[in-house]
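Source file: model.tsv; contents: TSV, C-alpha atoms and all ligand atoms.
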chain	number	residue	atom	x	y	z
A	1	MET	CA	112.03	84.39	116.78
A	2	SER	CA	108.95	82.95	115.14
A	3	ASN	CA	108.18	84.06	111.62
A	4	ASN	CA	104.51	84.00	112.54
A	5	ASP	CA	105.26	87.32	114.18
A	6	LEU	CA	103.60	89.83	111.85
A	7	SER	CA	105.41	92.95	112.94
A	8	GLY	CA	108.87	91.41	112.90
A	9	ILE	CA	112.05	92.49	114.70
A	10	GLY	CA	115.62	93.03	113.58
A	11	MET	CA	116.07	91.64	110.07
A	12	THR	CA	112.30	91.35	109.58
A	13	SER	CA	111.31	94.80	110.84
A	14	ARG	CA	109.59	97.67	109.07
A	15	ARG	CA	112.97	99.42	108.96
A	16	THR	CA	114.32	96.56	106.85
A	17	ARG	CA	111.29	96.87	104.54
A	18	GLU	CA	111.93	100.60	104.17
A	19	ARG	CA	115.36	99.74	102.75
A	20	LEU	CA	113.76	97.27	100.35
A	21	VAL	CA	111.29	99.91	99.15
A	22	LYS	CA	114.13	102.36	98.61
A	23	ARG	CA	115.93	99.78	96.50
A	24	LEU	CA	112.76	99.13	94.45
A	25	ARG	CA	112.49	102.88	93.79
A	26	ASP	CA	116.12	102.94	92.66
A	27	GLU	CA	115.30	100.07	90.29
A	28	GLY	CA	112.52	102.15	88.71
A	29	ILE	CA	109.34	101.12	90.54
A	30	SER	CA	107.30	104.31	90.90
A	31	ASN	CA	103.68	103.39	91.70
A	32	GLU	CA	103.22	104.73	95.24
A	33	ARG	CA	100.28	102.44	96.04
A	34	VAL	CA	102.36	99.40	95.14
A	35	LEU	CA	105.34	100.63	97.17
A	36	THR	CA	103.15	101.38	100.20
A	37	VAL	CA	101.62	97.91	100.15
A	38	ILE	CA	105.09	96.33	99.92
A	39	LEU	CA	106.23	98.49	102.82
A	40	ASN	CA	103.30	97.31	104.95
A	41	THR	CA	103.32	93.61	104.05
A	42	PRO	CA	105.42	91.22	106.16
A	43	ARG	CA	107.21	89.12	103.50
A	44	HIS	CA	108.97	87.06	106.18
A	45	ILE	CA	105.82	85.09	107.00
A	46	PHE	CA	105.73	83.77	103.40
A	47	CYS	CA	108.98	81.83	103.58
A	48	ASP	CA	110.49	79.17	105.78
A	49	GLU	CA	111.43	80.41	109.25
A	50	ALA	CA	115.08	79.56	108.58
A	51	LEU	CA	115.06	82.04	105.67
A	52	ALA	CA	113.05	84.80	107.38
A	53	HIS	CA	116.18	86.92	107.91
A	54	ARG	CA	116.59	87.06	104.11
A	55	ALA	CA	112.98	87.94	103.35
A	56	TYR	CA	113.73	91.60	102.53
A	57	GLU	CA	116.67	90.97	100.26
A	58	ASP	CA	115.68	91.53	96.67
A	59	THR	CA	115.94	87.83	95.75
A	60	ALA	CA	113.71	84.85	95.06
A	61	LEU	CA	113.58	82.33	97.94
A	62	PRO	CA	112.81	78.58	97.94
A	63	ILE	CA	109.36	77.56	99.28
A	64	GLY	CA	109.65	73.77	98.83
A	65	PHE	CA	108.32	71.53	96.03
A	66	ASN	CA	111.01	73.03	93.75
A	67	GLN	CA	109.13	76.34	93.76
A	68	THR	CA	110.17	79.87	94.69
A	69	LEU	CA	108.80	82.99	96.31
A	70	SER	CA	109.26	85.60	93.55
A	71	GLN	CA	111.86	88.35	93.88
A	72	PRO	CA	110.30	91.57	95.30
A	73	TYR	CA	111.39	93.58	92.25
A	74	ILE	CA	109.47	91.19	89.96
A	75	VAL	CA	106.38	91.24	92.21
A	76	ALA	CA	106.48	95.05	92.21
A	77	ARG	CA	107.06	95.29	88.45
A	78	MET	CA	104.24	92.89	87.55
A	79	THR	CA	101.83	94.52	89.99
A	80	GLU	CA	102.68	97.98	88.69
A	81	ALA	CA	102.06	96.79	85.13
A	82	LEU	CA	98.65	95.34	86.08
A	83	LEU	CA	97.65	98.70	87.58
A	84	SER	CA	99.11	100.85	84.81
A	85	MET	CA	95.86	101.41	82.87
A	86	GLY	CA	93.64	101.98	85.91
A	87	THR	CA	92.92	99.67	88.81
A	88	PRO	CA	91.44	96.30	87.81
A	89	LYS	CA	88.54	95.02	89.93
A	90	ARG	CA	88.68	91.25	89.39
A	91	VAL	CA	92.11	89.69	89.04
A	92	LEU	CA	93.08	86.09	88.29
A	93	GLU	CA	96.47	84.90	89.56
A	94	VAL	CA	97.91	81.66	88.21
A	95	GLY	CA	100.53	80.20	90.62
A	96	THR	CA	99.63	81.15	94.21
A	97	GLY	CA	102.91	79.69	95.53
A	98	SER	CA	103.66	81.27	98.90
A	99	GLY	CA	100.73	83.68	98.61
A	100	TYR	CA	102.94	86.80	98.78
A	101	GLN	CA	101.99	88.16	95.35
A	102	THR	CA	98.36	87.27	96.14
A	103	THR	CA	98.57	89.31	99.36
A	104	ILE	CA	100.05	92.32	97.60
A	105	LEU	CA	97.28	92.21	94.97
A	106	ALA	CA	94.50	91.69	97.50
A	107	GLN	CA	95.37	95.04	99.08
A	108	LEU	CA	95.11	96.85	95.74
A	109	VAL	CA	92.11	95.38	93.88
A	110	ASP	CA	88.55	94.32	94.77
A	111	MET	CA	88.82	90.57	94.33
A	112	VAL	CA	91.67	88.12	93.71
A	113	PHE	CA	91.04	84.64	92.30
A	114	SER	CA	94.17	82.54	92.71
A	115	VAL	CA	94.87	79.09	91.28
A	116	GLU	CA	97.65	76.70	92.43
A	117	ARG	CA	98.41	73.13	91.30
A	118	ILE	CA	100.28	72.03	94.49
A	119	LEU	CA	97.74	71.58	97.31
A	120	PRO	CA	100.13	71.88	100.31
A	121	LEU	CA	101.41	75.22	98.99
A	122	GLN	CA	97.87	76.45	98.49
A	123	GLU	CA	96.90	75.45	102.04
A	124	LEU	CA	99.89	77.26	103.55
A	125	ALA	CA	99.15	80.37	101.47
A	126	ARG	CA	95.52	80.24	102.61
A	127	SER	CA	96.51	80.20	106.28
A	128	ARG	CA	98.89	83.17	105.85
A	129	ILE	CA	96.27	85.21	104.02
A	130	ASP	CA	93.70	84.41	106.71
A	131	GLN	CA	96.23	85.39	109.38
A	132	LEU	CA	96.56	88.79	107.71
A	133	GLY	CA	92.78	89.17	107.76
A	134	LEU	CA	92.34	89.53	103.99
A	135	ARG	CA	88.85	88.47	102.93
A	136	ASN	CA	88.87	89.15	99.19
A	137	VAL	CA	90.88	86.13	98.00
A	138	LYS	CA	89.26	83.04	96.48
A	139	MET	CA	91.47	80.03	95.84
A	140	LYS	CA	91.20	76.96	93.66
A	141	HIS	CA	93.36	73.83	93.49
A	142	SER	CA	93.70	73.19	89.77
A	143	ASP	CA	95.82	73.56	86.65
A	144	GLY	CA	95.79	77.30	86.11
A	145	GLY	CA	96.81	77.00	82.49
A	146	MET	CA	93.07	76.61	81.94
A	147	GLY	CA	92.36	79.79	83.87
A	148	TRP	CA	89.19	79.79	86.01
A	149	PRO	CA	86.37	79.85	83.43
A	150	GLU	CA	83.51	79.94	85.98
A	151	LYS	CA	84.82	83.22	87.38
A	152	ALA	CA	85.75	84.87	84.05
A	153	PRO	CA	85.94	87.50	82.67
A	154	PHE	CA	88.83	89.12	84.54
A	155	ASP	CA	90.03	92.71	84.30
A	156	ALA	CA	93.56	91.42	84.70
A	157	ILE	CA	95.42	88.11	84.81
A	158	ILE	CA	98.87	87.59	86.31
A	159	VAL	CA	100.82	84.38	85.77
A	160	THR	CA	103.81	83.61	88.02
A	161	ALA	CA	105.14	80.49	86.26
A	162	ALA	CA	106.28	80.38	82.63
A	163	PRO	CA	104.51	78.44	79.86
A	164	ARG	CA	106.23	77.98	76.46
A	165	GLU	CA	103.41	79.93	74.80
A	166	VAL	CA	100.57	82.11	76.03
A	167	PRO	CA	97.60	79.79	76.84
A	168	GLU	CA	94.59	80.63	74.62
A	169	GLU	CA	92.25	80.02	77.58
A	170	LEU	CA	93.78	82.92	79.50
A	171	LEU	CA	93.36	85.32	76.57
A	172	GLU	CA	89.73	84.24	76.24
A	173	GLN	CA	89.08	84.96	79.92
A	174	LEU	CA	90.20	88.60	79.67
A	175	ALA	CA	87.47	91.26	79.76
A	176	PRO	CA	87.53	93.94	77.01
A	177	ASN	CA	90.51	96.21	77.81
A	178	GLY	CA	91.73	93.52	80.21
A	179	ARG	CA	95.43	92.85	80.55
A	180	LEU	CA	97.60	89.80	81.04
A	181	VAL	CA	101.10	89.89	82.51
A	182	ILE	CA	102.90	86.60	81.87
A	183	PRO	CA	106.43	85.20	81.56
A	184	VAL	CA	106.77	83.09	78.41
A	185	GLY	CA	109.47	80.87	76.96
A	186	PRO	CA	111.94	78.10	77.79
A	187	ASP	CA	114.08	78.25	80.96
A	188	GLU	CA	116.94	80.39	79.74
A	189	HIS	CA	115.02	82.65	77.34
A	190	GLN	CA	111.91	83.86	79.08
A	191	GLN	CA	110.34	87.22	78.42
A	192	LEU	CA	107.81	88.99	80.56
A	193	LEU	CA	104.89	89.99	78.31
A	194	TYR	CA	102.17	92.59	78.80
A	195	ILE	CA	99.16	91.75	76.64
A	196	GLN	CA	96.15	94.03	76.38
A	197	ARG	CA	92.82	93.03	74.90
A	198	ASP	CA	91.34	95.85	72.82
A	199	GLU	CA	87.64	96.69	72.32
A	200	GLN	CA	87.57	94.79	69.00
A	201	GLY	CA	88.83	91.61	70.67
A	202	GLY	CA	92.37	91.95	69.29
A	203	PHE	CA	95.48	91.66	71.49
A	204	GLN	CA	98.39	94.10	71.76
A	205	ARG	CA	101.64	92.53	72.98
A	206	HIS	CA	104.59	94.32	74.58
A	207	VAL	CA	107.78	92.75	75.85
A	208	MET	CA	108.60	94.11	79.32
A	209	GLU	CA	111.95	92.46	80.12
A	210	ALA	CA	113.92	89.19	80.32
A	211	VAL	CA	112.97	87.11	83.39
A	212	LYS	CA	113.51	83.72	85.02
A	213	PHE	CA	110.46	81.91	86.41
A	214	VAL	CA	109.77	78.28	87.27
A	215	PRO	CA	107.88	76.50	84.45
A	216	LEU	CA	104.08	76.40	84.25
A	217	LEU	CA	103.32	72.68	84.61
A	218	GLY	CA	100.20	70.65	83.85
A	219	GLY	CA	98.21	68.46	86.26
A	220	VAL	CA	97.80	68.81	90.02
A	221	ILE	CA	99.62	67.53	93.16
A	222	ARG	CA	97.71	66.63	96.35
A	301	LIG	N1	103.70	84.24	93.13
A	301	LIG	C1	104.32	83.13	93.81
A	301	LIG	C2	105.23	82.43	92.85
A	301	LIG	C3	105.40	81.00	93.17
A	301	LIG	S1	106.35	80.09	91.97
A	301	LIG	C4	105.09	83.61	95.01
A	301	LIG	O1	105.58	84.73	94.98
A	301	LIG	O2	105.22	82.87	95.97
A	301	LIG	C5	105.11	79.63	90.82
A	301	LIG	C6	103.95	78.84	91.33
A	301	LIG	O3	103.18	78.45	90.18
A	301	LIG	C7	104.33	77.55	92.04
A	301	LIG	O4	103.70	77.51	93.28
A	301	LIG	C8	103.79	76.46	91.11
A	301	LIG	O5	103.34	75.30	91.79
A	301	LIG	C9	102.65	77.17	90.42
A	301	LIG	N2	102.24	76.58	89.15
A	301	LIG	C10	103.00	76.06	88.15
A	301	LIG	N3	102.24	75.62	87.15
A	301	LIG	C11	100.94	75.83	87.51
A	301	LIG	C12	99.68	75.58	86.91
A	301	LIG	N4	99.57	75.01	85.71
A	301	LIG	N5	98.57	75.94	87.58
A	301	LIG	C13	98.64	76.53	88.80
A	301	LIG	N6	99.79	76.79	89.42
A	301	LIG	C14	100.94	76.46	88.80

What would the structure in this file look like if it were written as structure tokens?
Amino acid sequence: MSNNDLSGIGMTSRRTRERLVKRLRDEGISNERVLTVILNTPRHIFCDEALAHRAYEDTALPIGFNQTLSQPYIVARMTEALLSMGTPKRVLEVGTGSGYQTTILAQLVDMVFSVERILPLQELARSRIDQLGLRNVKMKHSDGGMGWPEKAPFDAIIVTAAPREVPEELLEQLAPNGRLVIPVGPDEHQQLLYIQRDEQGGFQRHVMEAVKFVPLLGGVIR
């Protein structure tokens, strides 16, 4: 079976995704829009064909270049958090990776701007997103720790690799009332943070939970 097959059969079928969605509900994900999009999105096209049969397990999967496709629970949790105070219109994603999180977001918000430092990963993600017919995703090959200043401000920013500290540039690129969901900290002690910019320009921080992401790295790879 080719994993270019969007509908999927057997281990990559809609039935298998229904089981994943049930598990996400059991784990506390409750936003119906997020769950519906996960139900309808073929995750198996975002990983290597040899791993397609594991695409609907609730685990992270390798995508090459020492990077991973995030665990569905984490994708759901971060997306739910971004939508919790009303639906953002313009969203910046740092760390396109496979493009799966990008695809989930693109079905929920007006416009997704996604930055990736590894060009081959970005190109693969682009082709998958085109294959799905999504037209509201703009991509840039650059170090996303700097954000995407030309496209700022953003109603929400999601970061899928962990810096040691929250980059100032990302806070600056948040619109008033904008929110940032970001894993922060060294390998073994990362916390997922939810940071909201208030009307006065201050920032409210909440710790969501302990997580394990690949590190946010500087520079780009061609
Ligand atoms: N959301 C992705 C997660 C991929 S892993 C998915 O579900 O597939 C994190 C990604 O962040 C990797 O692709 C990595 O190359 C990228 N990354 C790490 N540091 C970065 C940086 N400074 N700028 C942009 N992307 C970065």

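Across A:Ala81, A:Ala106, A:Ala55, A:Leu69, the tightest approach to A:Gly133 is made by A:Ala106 when counting only C-alpha atoms.
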
Counting all atoms listed in the file, closest pick from A:Glu49, A:Glu199, A:Asp26, A:Glu209 relative to A:Val181 is A:Glu209

Within 7 Å of ligand LIG 301 (chain A), counting only C-alpha atoms and all ligand atoms: which residues, as a ChimeraX atom specification? /A:67-70,94-102,115-118,121,142-145,160-161,214-219

Name the closest residue to A:Pro149 among the candidates A:Val112, A:Ile195, A:Ile129, A:Leu170; distances are taken between atoms, counting only C-alpha atoms.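 With only C-alpha atoms as the atom set, the closest residue is A:Leu170.
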
Atomic separation - atom CA of A:Ile63 relative to atom CA of A:Val109, Å: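 Between atom CA of A:Val109 and atom CA of A:Ile63 the gap is 25.4 Å.
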
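Counting all atoms listed in the file, the residue from A:Ser114, A:Gln107, A:Gln71, A:Thr79 that sits nearest to A:Gly147 is A:Ser114.
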
Residues within 8 Å of A:Arg197, please, as a PyMOL selection string. Count all atoms listed in the file; anything in the same chain fewer than 6 positions from it doesn't count. chain A and resi 171+174-179+203-204

Would you please work out which residue, of A:Glu27, A:Glu18, A:Asp155, A:Glu188, is nearest to A:Glu172 when using all atoms listed in the file?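 Looking only at the distances to A:Glu172, the closest residue turns out to be A:Asp155.
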
What is the distance between atom CA of A:Asp198 and atom CA of A:Ala162, in Å to one decimal? 23.6 Å

Nearest to A:Gln122 by atom-to-atom distance, counting all atoms listed in the file, from A:Leu193, A:Val220, A:Gly201, A:Ser7: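 Comparing A:Leu193, A:Val220, A:Gly201, A:Ser7 against A:Gln122, the winner is A:Val220.
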